[in-house]
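Heads up: the structure comes next, in structure tokens.
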Amino acid sequence: MALTRNYKETILAELQSDPKFRKATFEEAVSALLDGEQAEALSMLRDLVHATITFKRLAEETGVNEKSLHRMLSLRGNPTMRNIGLILQAIREALGFTPHVRIVAA
């Protein structure tokens with residue numbers, strides 16, 4: 001039987017190695033937040049943090065406790081808008097780009 005890579009490991013490896021994938025994931029996370037898809041957005045942000053900035057560094061840059069950040073970005077996370085802003089800002093600075101947000105008619 002062939003061994004396959006875990007889905008999460010594959011995503012994290014791709015985020016670490018592919019700047020275009022990091023950018024697309026960050027833009028999609030912001031889009032999901034704006035669309036009210038909080039669970040999906042938090043999942044993508046958590047993956048970005050794991051693969052790039054790390055929770056330790058995110059805690060240092062945001063001034064928010066590392067365990068609290070883990071809880072905020074969990075499936076049941078419920079971060080405040082202030083904390084989402086801090087997290088997005090830290091990720092944006094770590095990745096070196098700002099997501100492109102477009103407003104379209106519904």
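Each chain in the structure tokens gets a letter, A, B, ..., in the order shown, and its residues are numbered from 1; ligands are numbered from 1 in order too.
If you count only C-alpha atoms and ignore residues fewer than 6 places along the chain from Thr62 in chain A, what sits within 10 Å of it is Leu69, Asn83, Gly85, Leu86, Ile87, Leu88, Gln89 and Ala90 of chain A.
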I need the helix (DSSP H, G or I) residues of chain A per DSSP on the backbone, written as an MDAnalysis selection string.
chainID A and resid 7:17 19:34 38:53 55:62 66:72 81:95
Within 8 Å of Ser43 in chain A using only C-alpha atoms, minus same-chain residues under 5 positions, as JSON, numbers by chain:
{"A": [73, 74, 75]}
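Distances from A:Arg102, A:Arg76, A:Lys56, A:Arg71 to Glu40 in chain A were compared using only C-alpha atoms, and the smallest one belongs to A:Arg76.
All residues of protein, DNA or RNA that reach within 10 Å of Leu15 in chain A, judged by only C-alpha atoms and not counting those fewer than 4 positions away in the chain, are Glu9, Thr10, Ile11, Pro19, Lys20, Phe21, Arg22, Lys23, Ala24, Thr25, Asp47, Leu48, Val49, His50, Ala51 and Thr52 of chain A.
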Write out as a ChimeraX atom specification which residues come within 12 Å of Glu27 in chain A when counting only C-alpha atoms, dropping same-chain ones fewer than 5 positions away.
/A:20-22,32-34,41,44-45,48,88,91-92,95,97-102
Contact residues around Met72 in chain A with only C-alpha atoms at 10 Å, ignoring same-chain residues under 4 positions, as a PDB file with N, CA, C and O atoms, in the first residue's frame:
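In the end it all went to out.pdb:
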```pdb
ATOM      1  N   LEU A  42     -10.855  31.569   9.237  1.00  0.00           N
ATOM      2  CA  LEU A  42      -9.967  31.267  10.362  1.00  0.00           C
ATOM      3  C   LEU A  42      -9.071  30.082  10.044  1.00  0.00           C
ATOM      4  O   LEU A  42      -7.895  30.072  10.407  1.00  0.00           O
ATOM      5  N   ARG A  46      -5.093  30.316  10.027  1.00  0.00           N
ATOM      6  CA  ARG A  46      -4.322  29.398  10.885  1.00  0.00           C
ATOM      7  C   ARG A  46      -3.246  28.681  10.069  1.00  0.00           C
ATOM      8  O   ARG A  46      -2.093  28.587  10.485  1.00  0.00           O
ATOM      9  N   GLU A  66      -0.076  33.684  23.027  1.00  0.00           N
ATOM     10  CA  GLU A  66       0.000  32.638  21.998  1.00  0.00           C
ATOM     11  C   GLU A  66      -1.158  31.645  22.094  1.00  0.00           C
ATOM     12  O   GLU A  66      -1.756  31.265  21.087  1.00  0.00           O
ATOM     13  N   LYS A  67      -1.493  31.206  23.313  1.00  0.00           N
ATOM     14  CA  LYS A  67      -2.613  30.269  23.486  1.00  0.00           C
ATOM     15  C   LYS A  67      -3.925  30.903  23.060  1.00  0.00           C
ATOM     16  O   LYS A  67      -4.789  30.248  22.467  1.00  0.00           O
ATOM     17  N   SER A  68      -4.083  32.185  23.337  1.00  0.00           N
ATOM     18  CA  SER A  68      -5.301  32.888  22.915  1.00  0.00           C
ATOM     19  C   SER A  68      -5.399  32.937  21.398  1.00  0.00           C
ATOM     20  O   SER A  68      -6.478  32.774  20.828  1.00  0.00           O
ATOM     21  N   ARG A  76     -13.677  26.718  16.488  1.00  0.00           N
ATOM     22  CA  ARG A  76     -14.685  27.381  17.321  1.00  0.00           C
ATOM     23  C   ARG A  76     -14.257  28.786  17.728  1.00  0.00           C
ATOM     24  O   ARG A  76     -14.858  29.396  18.605  1.00  0.00           O
ATOM     25  N   GLY A  77     -13.220  29.285  17.099  1.00  0.00           N
ATOM     26  CA  GLY A  77     -12.690  30.595  17.453  1.00  0.00           C
ATOM     27  C   GLY A  77     -13.692  31.711  17.223  1.00  0.00           C
ATOM     28  O   GLY A  77     -14.536  31.639  16.330  1.00  0.00           O
ATOM     29  N   ASN A  78     -13.590  32.723  18.042  1.00  0.00           N
ATOM     30  CA  ASN A  78     -14.472  33.881  17.925  1.00  0.00           C
ATOM     31  C   ASN A  78     -13.678  35.144  18.258  1.00  0.00           C
ATOM     32  O   ASN A  78     -13.939  35.804  19.253  1.00  0.00           O
ATOM     33  N   PRO A  79     -12.691  35.470  17.421  1.00  0.00           N
ATOM     34  CA  PRO A  79     -11.849  36.633  17.711  1.00  0.00           C
ATOM     35  C   PRO A  79     -12.624  37.935  17.545  1.00  0.00           C
ATOM     36  O   PRO A  79     -13.568  38.012  16.756  1.00  0.00           O
ATOM     37  N   THR A  80     -12.211  38.934  18.286  1.00  0.00           N
ATOM     38  CA  THR A  80     -12.814  40.258  18.121  1.00  0.00           C
ATOM     39  C   THR A  80     -12.296  40.874  16.823  1.00  0.00           C
ATOM     40  O   THR A  80     -11.279  40.448  16.275  1.00  0.00           O
ATOM     41  N   ASN A  83      -8.742  41.983  17.236  1.00  0.00           N
ATOM     42  CA  ASN A  83      -7.749  40.919  17.108  1.00  0.00           C
ATOM     43  C   ASN A  83      -7.611  40.437  15.671  1.00  0.00           C
ATOM     44  O   ASN A  83      -6.502  40.146  15.222  1.00  0.00           O
ATOM     45  N   ILE A  84      -8.705  40.357  14.935  1.00  0.00           N
ATOM     46  CA  ILE A  84      -8.616  39.992  13.513  1.00  0.00           C
ATOM     47  C   ILE A  84      -7.750  41.016  12.788  1.00  0.00           C
ATOM     48  O   ILE A  84      -6.890  40.664  11.980  1.00  0.00           O
TER      49      ILE A  84
END
```
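Distance-wise, CA of Ile103 in chain A and CA of Ala29 in chain A end up 15.4 Å apart.
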Provide the CA of Glu60 in chain A to CA of Glu28 in chain A distance in Å, to one decimal place.
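Going from CA of Glu60 in chain A over to CA of Glu28 in chain A, I get 24.9 Å.
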